[in-house]
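Containing CSV, C-alpha atoms and all ligand atoms: my_file_38.csv.
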chain,number,residue,atom,x,y,z
A,1,MET,CA,22.6,27.7,-4.9
A,2,ILE,CA,20.7,26.8,-1.7
A,3,LYS,CA,20.0,29.6,0.8
A,4,TYR,CA,21.9,28.7,4.0
A,5,ILE,CA,22.9,31.0,6.8
A,6,GLY,CA,26.6,30.9,7.5
A,7,SER,CA,27.3,29.2,4.1
A,8,LYS,CA,30.9,29.9,3.1
A,9,ARG,CA,30.1,30.5,-0.6
A,10,THR,CA,32.1,33.7,-0.8
A,11,LEU,CA,35.0,32.4,1.2
A,12,VAL,CA,35.4,29.2,-0.8
A,13,PRO,CA,38.1,30.5,-3.2
A,14,THR,CA,40.2,31.8,-0.2
A,15,ILE,CA,39.8,28.5,1.6
A,16,THR,CA,40.8,26.4,-1.4
A,17,SER,CA,43.7,28.7,-2.1
A,18,VAL,CA,45.0,28.5,1.5
A,19,VAL,CA,44.6,24.7,1.6
A,20,GLY,CA,46.4,24.5,-1.8
A,21,GLN,CA,49.5,26.2,-0.4
A,22,LEU,CA,50.0,23.6,2.3
A,23,PRO,CA,52.4,20.7,1.8
A,24,ASP,CA,51.1,17.1,1.6
A,25,VAL,CA,47.4,17.9,2.3
A,26,HIS,CA,45.4,15.1,0.6
A,27,ARG,CA,42.8,14.0,3.2
A,28,VAL,CA,40.6,16.8,4.5
A,29,CYS,CA,37.7,16.7,6.9
A,30,ASP,CA,34.9,19.3,6.7
A,31,LEU,CA,33.5,18.9,10.3
A,32,PHE,CA,30.4,21.1,10.0
A,33,THR,CA,29.8,20.7,6.3
A,34,GLY,CA,26.2,22.3,6.0
A,35,THR,CA,25.6,22.7,2.3
A,36,THR,CA,28.9,20.8,1.5
A,37,ARG,CA,30.0,23.8,-0.5
A,38,VAL,CA,33.5,23.9,1.0
A,39,ALA,CA,33.8,20.1,0.9
A,40,GLN,CA,32.8,20.1,-2.8
A,41,ALA,CA,35.4,22.7,-3.6
A,42,LEU,CA,38.1,20.7,-1.8
A,43,LYS,CA,36.9,17.5,-3.6
A,44,ARG,CA,37.2,19.4,-6.9
A,45,ALA,CA,40.7,20.4,-5.9
A,46,GLY,CA,41.6,16.7,-5.7
A,47,CYS,CA,41.4,16.1,-1.9
A,48,HIS,CA,39.8,13.1,-0.4
A,49,VAL,CA,37.1,14.8,1.7
A,50,VAL,CA,35.2,13.5,4.8
A,51,ALA,CA,32.1,15.7,5.1
A,52,ASN,CA,30.4,15.6,8.5
A,53,ASP,CA,27.4,17.4,10.0
A,54,ILE,CA,24.7,16.6,12.6
A,55,ALA,CA,21.8,17.6,10.2
A,56,SER,CA,20.1,14.8,8.3
A,57,TYR,CA,19.8,17.0,5.2
A,58,SER,CA,23.5,17.8,5.2
A,59,TYR,CA,24.2,14.1,5.4
A,60,GLU,CA,22.2,13.5,2.3
A,61,PHE,CA,23.9,16.4,0.5
A,62,ALA,CA,27.3,14.9,1.5
A,63,LEU,CA,26.3,11.4,0.3
A,64,ALA,CA,25.2,12.9,-3.0
A,65,ALA,CA,28.1,15.3,-3.6
A,66,ILE,CA,31.0,14.0,-1.6
A,67,GLU,CA,30.7,10.2,-1.1
A,68,ALA,CA,29.1,9.3,-4.4
A,69,ASP,CA,31.7,9.0,-7.1
A,70,ALA,CA,30.2,10.5,-10.3
A,71,ARG,CA,32.2,8.0,-12.4
A,72,ARG,CA,30.3,5.1,-10.8
A,73,LEU,CA,26.8,6.5,-11.1
A,74,ASP,CA,24.4,5.7,-13.9
A,75,VAL,CA,23.5,9.3,-14.8
A,76,GLU,CA,21.0,8.4,-17.5
A,77,ARG,CA,19.1,6.1,-15.0
A,78,LEU,CA,19.1,9.0,-12.5
A,79,ARG,CA,17.8,11.4,-15.2
A,80,ALA,CA,15.0,9.0,-16.1
A,81,ILE,CA,14.0,8.6,-12.4
A,82,LEU,CA,13.9,12.4,-12.0
A,83,ALA,CA,11.8,12.7,-15.1
A,84,ARG,CA,9.3,10.1,-13.7
A,85,LEU,CA,9.2,11.9,-10.3
A,86,ALA,CA,8.7,15.2,-12.0
A,87,ALA,CA,5.7,13.9,-14.0
A,88,LEU,CA,3.8,12.7,-10.9
A,89,PRO,CA,0.5,14.5,-10.3
A,90,GLY,CA,0.4,16.4,-7.0
A,91,VAL,CA,-1.3,15.0,-4.0
A,92,GLU,CA,-2.4,16.8,-0.9
A,93,GLY,CA,-0.5,15.4,2.1
A,94,TYR,CA,1.6,16.4,5.1
A,95,TYR,CA,3.8,19.0,3.3
A,96,THR,CA,0.9,20.7,1.6
A,97,ARG,CA,-1.1,20.8,4.8
A,98,THR,CA,1.7,22.0,7.1
A,99,PHE,CA,3.7,24.3,4.8
A,100,CYS,CA,1.1,25.6,2.4
A,101,GLU,CA,-2.1,25.7,4.4
A,102,GLU,CA,-1.1,26.1,8.0
A,103,ALA,CA,1.9,28.3,6.8
A,104,ARG,CA,2.8,29.8,3.5
A,105,TYR,CA,6.3,28.6,2.6
A,106,PHE,CA,5.2,27.2,-0.8
A,107,GLN,CA,2.3,27.6,-3.1
A,108,PRO,CA,-0.1,24.6,-2.8
A,109,LYS,CA,0.6,23.5,-6.4
A,110,ASN,CA,4.3,23.0,-5.4
A,111,GLY,CA,3.5,21.6,-2.0
A,112,GLN,CA,1.3,18.9,-3.6
A,113,ARG,CA,4.1,17.9,-5.9
A,114,ILE,CA,6.6,17.8,-3.0
A,115,ASP,CA,4.2,15.4,-1.3
A,116,ALA,CA,3.8,13.2,-4.3
A,117,ILE,CA,7.6,13.1,-5.1
A,118,ARG,CA,8.7,12.6,-1.4
A,119,ASP,CA,6.3,9.6,-1.0
A,120,ALA,CA,7.4,8.1,-4.3
A,121,ILE,CA,11.2,8.3,-3.4
A,122,ASP,CA,10.6,5.8,-0.6
A,123,GLU,CA,8.9,3.4,-3.0
A,124,LEU,CA,11.9,3.3,-5.4
A,125,SER,CA,14.5,0.6,-5.5
A,126,VAL,CA,17.6,2.7,-5.5
A,127,THR,CA,21.1,2.7,-3.8
A,128,ARG,CA,21.6,5.1,-0.9
A,129,HIS,CA,23.7,7.4,-3.1
A,130,GLU,CA,21.0,7.5,-5.7
A,131,ARG,CA,18.4,8.2,-3.0
A,132,ALA,CA,20.6,11.0,-1.6
A,133,ILE,CA,20.8,12.5,-5.1
A,134,LEU,CA,17.0,12.4,-5.5
A,135,LEU,CA,16.4,13.9,-2.0
A,136,THR,CA,19.0,16.6,-2.7
A,137,SER,CA,17.3,17.4,-6.0
A,138,LEU,CA,14.0,17.7,-4.2
A,139,ILE,CA,15.3,20.0,-1.5
A,140,LEU,CA,17.1,22.2,-4.0
A,141,ALA,CA,13.9,22.4,-6.1
A,142,ALA,CA,11.8,23.3,-3.1
A,143,ASP,CA,14.4,26.0,-2.1
A,144,ARG,CA,14.1,27.6,-5.5
A,145,VAL,CA,10.3,28.1,-5.1
A,146,ASP,CA,10.1,28.9,-1.4
A,147,SER,CA,8.8,32.2,0.0
A,148,THR,CA,11.3,33.0,2.7
A,149,THR,CA,14.3,35.2,3.2
A,150,GLY,CA,16.5,32.1,3.6
A,151,VAL,CA,15.5,30.8,7.0
A,152,GLN,CA,12.5,28.8,7.9
A,153,MET,CA,11.5,30.6,11.1
A,154,ALA,CA,9.2,32.9,9.1
A,155,TYR,CA,7.8,33.3,5.6
A,156,LEU,CA,7.0,36.4,3.6
A,157,LYS,CA,3.6,38.1,4.0
A,158,GLY,CA,3.2,38.4,0.2
A,159,TRP,CA,4.5,35.6,-2.0
A,160,ALA,CA,8.1,35.9,-3.1
A,161,PRO,CA,8.0,36.1,-7.0
A,162,ARG,CA,9.9,32.8,-7.3
A,163,ALA,CA,7.1,31.0,-5.3
A,164,SER,CA,4.8,31.0,-8.3
A,165,ASN,CA,7.3,29.1,-10.5
A,166,ASP,CA,6.8,25.4,-11.0
A,167,LEU,CA,8.9,23.1,-8.9
A,168,GLU,CA,11.6,21.8,-11.2
A,169,LEU,CA,13.7,18.7,-10.4
A,170,ARG,CA,17.2,19.0,-11.7
A,171,LEU,CA,20.1,16.6,-11.5
A,172,PRO,CA,22.5,18.1,-8.9
A,173,GLU,CA,26.1,18.5,-9.8
A,174,LEU,CA,27.9,15.2,-9.3
A,175,LEU,CA,31.6,15.1,-8.6
A,176,PRO,CA,34.1,12.4,-9.7
A,177,GLY,CA,36.3,10.8,-7.0
A,178,PRO,CA,36.0,9.2,-3.7
A,179,GLY,CA,34.9,10.8,-0.4
A,180,ASP,CA,33.0,10.0,2.8
A,181,ALA,CA,29.8,11.3,4.4
A,182,SER,CA,29.3,11.2,8.1
A,183,ARG,CA,26.4,12.3,10.3
A,184,ASP,CA,27.8,12.8,13.8
A,185,ASP,CA,28.2,15.3,16.6
A,186,ALA,CA,31.5,17.1,15.8
A,187,ILE,CA,32.9,16.5,19.3
A,188,ARG,CA,32.0,12.9,19.3
A,189,PHE,CA,33.5,12.6,15.8
A,190,VAL,CA,36.9,14.0,16.7
A,191,GLU,CA,37.1,12.3,20.1
A,192,GLY,CA,36.3,9.0,18.4
A,193,GLY,CA,39.4,9.4,16.3
A,194,GLY,CA,37.6,10.7,13.2
A,195,THR,CA,40.5,13.1,12.3
A,196,ARG,CA,43.4,10.7,13.0
A,197,ASP,CA,44.2,10.0,9.3
A,198,ILE,CA,43.2,13.5,8.2
A,199,ASP,CA,45.8,16.1,7.0
A,200,LEU,CA,43.6,19.1,7.5
A,201,THR,CA,40.3,19.7,9.5
A,202,TYR,CA,38.1,22.6,8.4
A,203,VAL,CA,36.0,23.9,11.3
A,204,ASP,CA,33.0,26.1,10.7
A,205,PRO,CA,30.7,25.7,13.7
A,206,PRO,CA,27.5,27.7,14.4
A,207,TYR,CA,28.7,30.7,16.3
A,208,ASN,CA,25.5,32.3,17.6
A,209,GLN,CA,22.1,31.3,19.0
A,210,HIS,CA,20.5,30.5,15.7
A,211,SER,CA,19.7,26.8,15.6
A,212,TYR,CA,20.2,25.1,12.2
A,213,PHE,CA,17.7,22.4,13.2
A,214,GLY,CA,15.0,25.1,13.7
A,215,ASN,CA,16.0,27.3,10.8
A,216,TYR,CA,16.0,24.4,8.3
A,217,HIS,CA,13.2,22.3,9.9
A,218,ILE,CA,11.5,21.7,6.5
A,219,TRP,CA,14.7,20.2,5.0
A,220,GLU,CA,15.1,18.0,8.1
A,221,SER,CA,11.5,16.8,7.8
A,222,LEU,CA,11.8,16.2,4.1
A,223,VAL,CA,14.7,13.9,4.7
A,224,ARG,CA,13.4,12.1,7.8
A,225,HIS,CA,9.9,12.0,6.3
A,226,ASP,CA,8.6,11.3,9.8
A,227,LEU,CA,5.7,13.7,9.4
A,228,PRO,CA,6.3,15.3,12.8
A,229,GLU,CA,3.8,17.3,14.8
A,230,ALA,CA,4.4,21.0,14.2
A,231,TYR,CA,3.9,24.1,16.3
A,232,GLY,CA,3.6,27.9,16.1
A,233,ILE,CA,3.2,30.1,13.0
A,234,ALA,CA,6.4,28.8,11.5
A,235,ARG,CA,5.1,25.2,11.9
A,236,LYS,CA,8.5,23.9,13.2
A,237,ARG,CA,8.9,20.3,14.3
A,238,THR,CA,8.1,20.1,18.0
A,239,ASP,CA,11.5,18.5,18.6
A,240,THR,CA,13.3,21.7,17.6
A,241,ARG,CA,12.6,22.8,21.2
A,242,ASP,CA,15.0,20.2,22.6
A,243,ASN,CA,17.3,19.9,19.7
A,244,ARG,CA,19.8,22.7,20.2
A,245,SER,CA,23.5,22.4,19.4
A,246,VAL,CA,25.9,23.1,22.2
A,247,PHE,CA,27.5,25.5,19.7
A,248,ASN,CA,24.3,27.6,19.8
A,249,SER,CA,24.7,28.2,23.5
A,250,SER,CA,26.5,31.3,24.7
A,251,PRO,CA,27.5,29.9,28.1
A,252,LYS,CA,28.5,26.5,26.6
A,253,PHE,CA,30.2,27.5,23.4
A,254,ARG,CA,33.7,28.2,24.8
A,255,GLU,CA,34.1,24.9,26.6
A,256,ALA,CA,32.7,23.0,23.7
A,257,PHE,CA,35.0,24.7,21.2
A,258,GLU,CA,38.0,24.1,23.4
A,259,ARG,CA,37.1,20.4,23.7
A,260,LEU,CA,36.6,20.2,19.9
A,261,ILE,CA,39.9,21.8,19.1
A,262,ARG,CA,41.7,19.7,21.7
A,263,GLY,CA,40.3,16.5,20.1
A,264,ILE,CA,41.4,17.3,16.5
A,265,GLU,CA,44.4,15.1,15.5
A,266,SER,CA,45.1,16.4,12.0
A,267,ARG,CA,48.4,18.3,11.2
A,268,PHE,CA,46.5,21.4,10.1
A,269,ILE,CA,43.3,23.0,11.4
A,270,LEU,CA,41.5,25.8,9.5
A,271,VAL,CA,38.8,27.6,11.4
A,272,SER,CA,36.1,30.0,10.1
A,273,PHE,CA,34.6,32.5,12.4
A,274,ASN,CA,32.9,35.9,12.2
A,275,ASN,CA,32.5,39.0,14.2
A,276,GLU,CA,29.0,38.1,15.3
A,277,GLY,CA,30.3,35.0,17.1
A,278,TYR,CA,30.4,34.1,20.8
A,279,LEU,CA,34.2,34.3,21.0
A,280,ALA,CA,36.3,37.4,20.4
A,281,ASP,CA,39.3,36.9,18.1
A,282,GLY,CA,41.7,37.1,21.0
A,283,HIS,CA,40.0,34.2,22.9
A,284,LEU,CA,40.0,32.1,19.7
A,285,LEU,CA,43.7,32.7,19.2
A,286,ASP,CA,44.4,31.7,22.7
A,287,ILE,CA,42.5,28.4,22.3
A,288,LEU,CA,44.1,27.7,18.8
A,289,ALA,CA,47.6,28.6,19.9
A,290,ARG,CA,47.6,25.6,22.2
A,291,LYS,CA,47.8,23.5,19.1
A,292,GLY,CA,50.6,25.3,17.2
A,293,PHE,CA,51.3,28.4,15.2
A,294,VAL,CA,48.2,30.4,14.2
A,295,ALA,CA,47.8,32.7,11.2
A,296,HIS,CA,44.7,34.9,11.1
A,297,LEU,CA,43.2,36.2,8.0
A,298,SER,CA,40.2,38.6,8.1
A,299,VAL,CA,37.9,39.5,5.3
A,300,ASP,CA,34.9,41.9,5.1
A,301,PHE,CA,31.6,40.7,3.4
A,302,LYS,CA,28.1,42.0,3.1
A,303,ARG,CA,25.7,40.2,5.4
A,304,TYR,CA,23.3,37.6,4.0
A,305,VAL,CA,20.4,39.0,2.0
A,306,GLY,CA,17.8,38.3,4.7
A,307,ALA,CA,19.5,40.8,7.0
A,308,GLN,CA,19.5,43.4,4.4
A,309,ILE,CA,15.9,43.3,3.7
A,310,GLY,CA,14.8,42.6,7.2
A,311,ILE,CA,12.7,39.8,8.8
A,312,PHE,CA,8.9,40.1,8.7
A,313,ASN,CA,6.2,38.2,10.6
A,314,PRO,CA,3.1,36.8,8.8
A,315,SER,CA,1.3,40.1,9.1
A,316,GLY,CA,4.0,41.9,7.3
A,317,GLN,CA,5.4,43.7,10.3
A,318,LYS,CA,9.2,43.9,10.6
A,319,VAL,CA,10.2,41.8,13.6
A,320,GLY,CA,13.5,42.9,15.1
A,321,LYS,CA,15.8,45.4,13.5
A,322,VAL,CA,18.8,44.8,11.4
A,323,SER,CA,21.8,45.7,13.5
A,324,HIS,CA,24.5,46.1,10.8
A,325,LEU,CA,25.1,45.1,7.3
A,326,ARG,CA,28.7,44.3,7.3
A,327,ASN,CA,30.1,40.9,8.3
A,328,ARG,CA,33.7,40.2,9.0
A,329,GLU,CA,34.8,36.7,8.4
A,330,SER,CA,38.0,35.3,9.8
A,331,LEU,CA,40.1,32.3,8.9
A,332,PHE,CA,42.5,30.9,11.4
A,333,LEU,CA,45.1,28.5,10.1
A,334,VAL,CA,46.9,26.3,12.7
A,335,GLY,CA,50.0,24.2,12.0
A,336,ASP,CA,53.2,23.2,13.7
A,337,SER,CA,55.5,25.2,11.4
A,338,LYS,CA,55.6,29.0,11.5
A,339,GLU,CA,57.0,29.2,8.0
A,340,VAL,CA,54.3,26.9,6.5
A,341,VAL,CA,51.3,28.7,8.0
A,342,GLN,CA,52.8,32.1,7.1
A,343,GLN,CA,53.5,31.1,3.5
A,344,ALA,CA,49.9,29.6,3.1
A,345,ILE,CA,48.3,33.0,3.8
A,346,GLU,CA,50.9,35.2,2.3
A,347,PRO,CA,49.1,35.4,-1.1
A,348,HIS,CA,46.1,36.9,0.8
A,349,ARG,CA,48.1,39.5,2.7
A,350,PRO,CA,46.7,42.6,0.9
A,351,GLY,CA,43.2,41.6,2.0
A,352,ALA,CA,44.3,40.6,5.5
A,353,GLU,CA,43.5,42.9,8.4
A,354,GLN,CA,46.1,41.3,10.5
A,355,ILE,CA,48.4,38.4,10.3
A,356,ARG,CA,49.4,37.2,13.7
A,357,LEU,CA,51.6,34.4,14.6
A,358,ALA,CA,51.2,32.9,18.0
A,359,LEU,CA,53.7,30.6,19.5
A,360,GLY,CA,52.1,27.2,20.3
A,401,LIG,C1,28.1,27.7,9.8
A,401,LIG,S1,27.2,26.2,9.3
A,401,LIG,C2,28.3,25.4,8.2
A,401,LIG,C3,28.2,26.0,6.8
A,401,LIG,C4,29.1,25.3,5.8
A,401,LIG,N1,30.5,25.5,6.0
A,401,LIG,C5,28.6,25.7,4.4
A,401,LIG,O1,29.4,26.4,3.7
A,401,LIG,O2,27.5,25.4,4.0
A,401,LIG,C6,27.3,25.2,10.8
A,401,LIG,C7,26.8,23.8,10.6
A,401,LIG,O3,27.1,23.1,11.8
A,401,LIG,C8,26.1,22.1,12.0
A,401,LIG,N2,26.1,21.6,13.4
A,401,LIG,C9,25.5,22.3,14.5
A,401,LIG,N3,25.9,21.6,15.6
A,401,LIG,C10,26.7,20.6,15.3
A,401,LIG,C11,27.3,19.6,16.0
A,401,LIG,N4,27.2,19.5,17.3
A,401,LIG,N5,28.1,18.6,15.3
A,401,LIG,C12,28.1,18.7,13.9
A,401,LIG,N6,27.5,19.6,13.2
A,401,LIG,C13,26.8,20.6,13.8
A,401,LIG,C14,24.8,22.7,11.5
A,401,LIG,O4,23.9,21.7,11.1
A,401,LIG,C15,25.4,23.6,10.3
A,401,LIG,O5,25.2,22.9,9.1
Just give me the structure as structure tokens.
Amino acid sequence: MIKYIGSKRTLVPTITSVVGQLPDVHRVCDLFTGTTRVAQALKRAGCHVVANDIASYSYEFALAAIEADARRLDVERLRAILARLAALPGVEGYYTRTFCEEARYFQPKNGQRIDAIRDAIDELSVTRHERAILLTSLILAADRVDSTTGVQMAYLKGWAPRASNDLELRLPELLPGPGDASRDDAIRFVEGGGTRDIDLTYVDPPYNQHSYFGNYHIWESLVRHDLPEAYGIARKRTDTRDNRSVFNSSPKFREAFERLIRGIESRFILVSFNNEGYLADGHLLDILARKGFVAHLSVDFKRYVGAQIGIFNPSGQKVGKVSHLRNRESLFLVGDSKEVVQQAIEPHRPGAEQIRLALG
């Protein structure tokens, strides 16, 4: 299970249950798909899913898990390729130098294997779905032996115990059925008609200043393999400085979100948001109510593990303090029938803090 801030792992059963209550929902778009966790659950539930994200690594995850149809893949061939890659001797290259010597994200023995495997992937004669599966396997393997709290803006002073394990390539879970992967800016995607033939659009944008491009710069570089210049203790790509999403900007968020919602053409919209976001529930409701009836479901969760143990700089000092350890996640369902949106969240009523219906 890859470590990813804002991943909706714990919300997935609620999301699939709400979507499952809605009539005639067959085609679904996950507009900010990240790990593709939600998209995978909806694909498993039988939906045709379009998984979109701006990040290169998310696109590869989406090609592997959503667009690739497991029934059409030669799994034995993939296993054989992974075994060959896993047997390669390590070489000292960009990843070892940047992330094991200049920083300490991985132990050198694993960094060297990452270098050898990443170079070899580009030499293989494989389809783009096979390539995405191999890249996903490498990223998941690297994530299992990293020495971070889940974000790549810092690494631990002492090695995390998992960092001394050997990098192990595994075949990621492959799902049967069709789907689509897309790598686009979400606003451009919806304004270009991307949700026209979609029944439900799931919207889970970044809702604070933390840039995914900066927080997951190693995954981005592993996919692009462009060996970028790096800066600072965290050895981030220099282009993280000018690669910020409009959804990471407090002054720009509201306008961008309004534009995004306005552009969505599907019959239903499901929005995830949490209490640490730029918009208060009331403002969100106002924006969403322009599209139809809105039902609001709110759930309390423990914050991600990094927040609970704190963030440390390379000298082992705690940098910043953990403000609170509870995280309230909200789901907003929008549709043009009051009865339908009400019925869809009815089974979750005992866990709901409030259920509010706004007239569109
Ligand atoms: C809260 S995370 C989504 C998490 C996802 N639901 C999951 O469970 O893994 C937000 C995602 O938005 C993506 N993102 C940021 N700006 C974007 C943009 N302008 N267009 C599309 N995706 C964007 C980030 O790369 C990140 O993966």
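Minimum atom-to-atom distances from A:Tyr212, A:Tyr4, A:Tyr202, A:Tyr94 to Val18 (chain A) were compared using only C-alpha atoms, and the lowest value belongs to A:Tyr202.
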- Counting all atoms listed in the file, what is within 9 Å of Ser249 (chain A), bar same-chain residues fewer than 6 positions away, as an MDAnalysis selection string? chainID A and resid 207:209 278
- Item | Within 7 Å of ligand LIG 401 (chain A), counting all atoms listed in the file, residues as a PyMOL selection string | chain A and resi 4-9+31-38+52-55+58+184-187+204-206+212-213+245-247
Selection to disk with C-alpha atoms, as a JSON list (two decimals), keeping the file's coordinate frame:
[["chain", "number", "residue", "atom", "x", "y", "z"],
["A", 4, "TYR", "CA", 21.90, 28.70, 4.00],
["A", 5, "ILE", "CA", 22.90, 31.00, 6.80],
["A", 6, "GLY", "CA", 26.60, 30.90, 7.50],
["A", 7, "SER", "CA", 27.30, 29.20, 4.10],
["A", 8, "LYS", "CA", 30.90, 29.90, 3.10],
["A", 9, "ARG", "CA", 30.10, 30.50, -0.60],
["A", 31, "LEU", "CA", 33.50, 18.90, 10.30],
["A", 32, "PHE", "CA", 30.40, 21.10, 10.00],
["A", 33, "THR", "CA", 29.80, 20.70, 6.30],
["A", 34, "GLY", "CA", 26.20, 22.30, 6.00],
["A", 35, "THR", "CA", 25.60, 22.70, 2.30],
["A", 36, "THR", "CA", 28.90, 20.80, 1.50],
["A", 37, "ARG", "CA", 30.00, 23.80, -0.50],
["A", 38, "VAL", "CA", 33.50, 23.90, 1.00],
["A", 52, "ASN", "CA", 30.40, 15.60, 8.50],
["A", 53, "ASP", "CA", 27.40, 17.40, 10.00],
["A", 54, "ILE", "CA", 24.70, 16.60, 12.60],
["A", 55, "ALA", "CA", 21.80, 17.60, 10.20],
["A", 58, "SER", "CA", 23.50, 17.80, 5.20],
["A", 184, "ASP", "CA", 27.80, 12.80, 13.80],
["A", 185, "ASP", "CA", 28.20, 15.30, 16.60],
["A", 186, "ALA", "CA", 31.50, 17.10, 15.80],
["A", 187, "ILE", "CA", 32.90, 16.50, 19.30],
["A", 204, "ASP", "CA", 33.00, 26.10, 10.70],
["A", 205, "PRO", "CA", 30.70, 25.70, 13.70],
["A", 206, "PRO", "CA", 27.50, 27.70, 14.40],
["A", 212, "TYR", "CA", 20.20, 25.10, 12.20],
["A", 213, "PHE", "CA", 17.70, 22.40, 13.20],
["A", 245, "SER", "CA", 23.50, 22.40, 19.40],
["A", 246, "VAL", "CA", 25.90, 23.10, 22.20],
["A", 247, "PHE", "CA", 27.50, 25.50, 19.70]]
- Message: Here is a test: counting all atoms listed in the file, which residue of A:Ile287, A:Ala132, A:Val203, A:Leu260 is nearest to Phe273 (chain A)?
- Response: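 Looking at the shortest contact to Phe273 (chain A), the residue is A:Val203.
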- Task: List the residues sitting within 7 Å of (7.1, 32.5, -3.2) in the file's frame, using all atoms listed in the file, as JSON, numbers by chain.
- Result: {"A": [106, 107, 145, 146, 147, 159, 160, 161, 162, 163, 164]}
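Here CA of Ile198 (chain A) and CA of Thr10 (chain A) stand 24.7 Å from one another.
Reported to one decimal place, the separation of CA of Leu297 (chain A) from CA of Ser330 (chain A) is 5.6 Å.
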- Between CA of Arg77 (chain A) and CA of Gly179 (chain A), measure the distance and give it in Å to one decimal.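 A separation of 22.0 Å between them.
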- Message: Need the shell around His225 (chain A): protein/DNA/RNA residues with any atom at most 10 Å away, counting all atoms listed in the file. Skip same-chain ones fewer than 6 positions apart. Format as a PyMOL selection string?
- Response: chain A and resi 94-95+118-119+122+218-219
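Shortest separation to Glu229 (chain A) among A:Ser337, A:Thr16, A:Thr98, A:Asn248 occurs at residue A:Thr98, atoms counted being all atoms listed in the file.
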- Task: Would you mind listing what lies within 12 Å of Ser125 (chain A) as a list in words, with only C-alpha atoms counted and same-chain residues fewer than 5 positions away left out?
- Result: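 The residues satisfying every condition are Arg77, Leu78, Ile81, Ala120, Glu130 and Arg131 of chain A.
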Neighbouring residues of Gly292 (chain A) were defined as those with any atom within 12 Å, considering all atoms listed in the file; residues of the same chain fewer than 2 positions away were excluded. Please report them as a PDB file with C-alpha atoms, in the coordinates of the input.
ATOM      1  CA  ILE A 261      39.900  21.800  19.100  1.00  0.00           C
ATOM      2  CA  ARG A 262      41.700  19.700  21.700  1.00  0.00           C
ATOM      3  CA  SER A 266      45.100  16.400  12.000  1.00  0.00           C
ATOM      4  CA  ARG A 267      48.400  18.300  11.200  1.00  0.00           C
ATOM      5  CA  PHE A 268      46.500  21.400  10.100  1.00  0.00           C
ATOM      6  CA  ILE A 269      43.300  23.000  11.400  1.00  0.00           C
ATOM      7  CA  LEU A 270      41.500  25.800   9.500  1.00  0.00           C
ATOM      8  CA  LEU A 285      43.700  32.700  19.200  1.00  0.00           C
ATOM      9  CA  ASP A 286      44.400  31.700  22.700  1.00  0.00           C
ATOM     10  CA  ILE A 287      42.500  28.400  22.300  1.00  0.00           C
ATOM     11  CA  LEU A 288      44.100  27.700  18.800  1.00  0.00           C
ATOM     12  CA  ALA A 289      47.600  28.600  19.900  1.00  0.00           C
ATOM     13  CA  ARG A 290      47.600  25.600  22.200  1.00  0.00           C
ATOM     14  CA  VAL A 294      48.200  30.400  14.200  1.00  0.00           C
ATOM     15  CA  ALA A 295      47.800  32.700  11.200  1.00  0.00           C
ATOM     16  CA  PHE A 332      42.500  30.900  11.400  1.00  0.00           C
ATOM     17  CA  LEU A 333      45.100  28.500  10.100  1.00  0.00           C
ATOM     18  CA  VAL A 334      46.900  26.300  12.700  1.00  0.00           C
ATOM     19  CA  GLY A 335      50.000  24.200  12.000  1.00  0.00           C
ATOM     20  CA  ASP A 336      53.200  23.200  13.700  1.00  0.00           C
ATOM     21  CA  SER A 337      55.500  25.200  11.400  1.00  0.00           C
ATOM     22  CA  LYS A 338      55.600  29.000  11.500  1.00  0.00           C
ATOM     23  CA  GLU A 339      57.000  29.200   8.000  1.00  0.00           C
ATOM     24  CA  VAL A 340      54.300  26.900   6.500  1.00  0.00           C
ATOM     25  CA  VAL A 341      51.300  28.700   8.000  1.00  0.00           C
ATOM     26  CA  LEU A 357      51.600  34.400  14.600  1.00  0.00           C
ATOM     27  CA  ALA A 358      51.200  32.900  18.000  1.00  0.00           C
ATOM     28  CA  LEU A 359      53.700  30.600  19.500  1.00  0.00           C
ATOM     29  CA  GLY A 360      52.100  27.200  20.300  1.00  0.00           C
TER      30      GLY A 360
END
- Query: Smallest atom-to-atom distance to Leu42 (chain A): which of A:Ala70, A:Ile114, A:Ala344, A:Val12, using only C-alpha atoms?
  - Reply: A:Val12
- Skip Arg128 (chain A) itself and residues of its chain fewer than 6 positions away, then list as a list in words all residues within 12 Å of it, counting only C-alpha atoms.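 My list of contacting residues is Tyr59, Glu60, Phe61, Ala62, Leu63, Ala64, Glu67, Ala68, Leu73, Ile121, Asp122, Leu134, Leu135, Thr136 and Ala181 of chain A.
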Fill-in result for region 227-231 of chain A, N, CA and C atoms as an mmCIF file, keeping the file's coordinate frame:
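Wrote it out as result.cif, contents follow:
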data_model
loop_
_atom_site.group_PDB
_atom_site.id
_atom_site.type_symbol
_atom_site.label_atom_id
_atom_site.label_comp_id
_atom_site.auth_asym_id
_atom_site.auth_seq_id
_atom_site.Cartn_x
_atom_site.Cartn_y
_atom_site.Cartn_z
ATOM 1 N N LEU A 227 6.916 12.975 9.283
ATOM 2 C CA LEU A 227 5.700 13.700 9.400
ATOM 3 C C LEU A 227 5.416 14.193 10.839
ATOM 4 N N PRO A 228 6.345 14.990 11.373
ATOM 5 C CA PRO A 228 6.300 15.300 12.800
ATOM 6 C C PRO A 228 5.168 16.328 13.112
ATOM 7 N N GLU A 229 4.773 16.331 14.360
ATOM 8 C CA GLU A 229 3.800 17.300 14.800
ATOM 9 C C GLU A 229 4.557 18.693 14.733
ATOM 10 N N ALA A 230 3.796 19.728 14.362
ATOM 11 C CA ALA A 230 4.400 21.000 14.200
ATOM 12 C C ALA A 230 3.749 22.056 15.103
ATOM 13 N N TYR A 231 4.472 23.127 15.431
ATOM 14 C CA TYR A 231 3.900 24.100 16.300
ATOM 15 C C TYR A 231 4.184 25.545 15.832
#
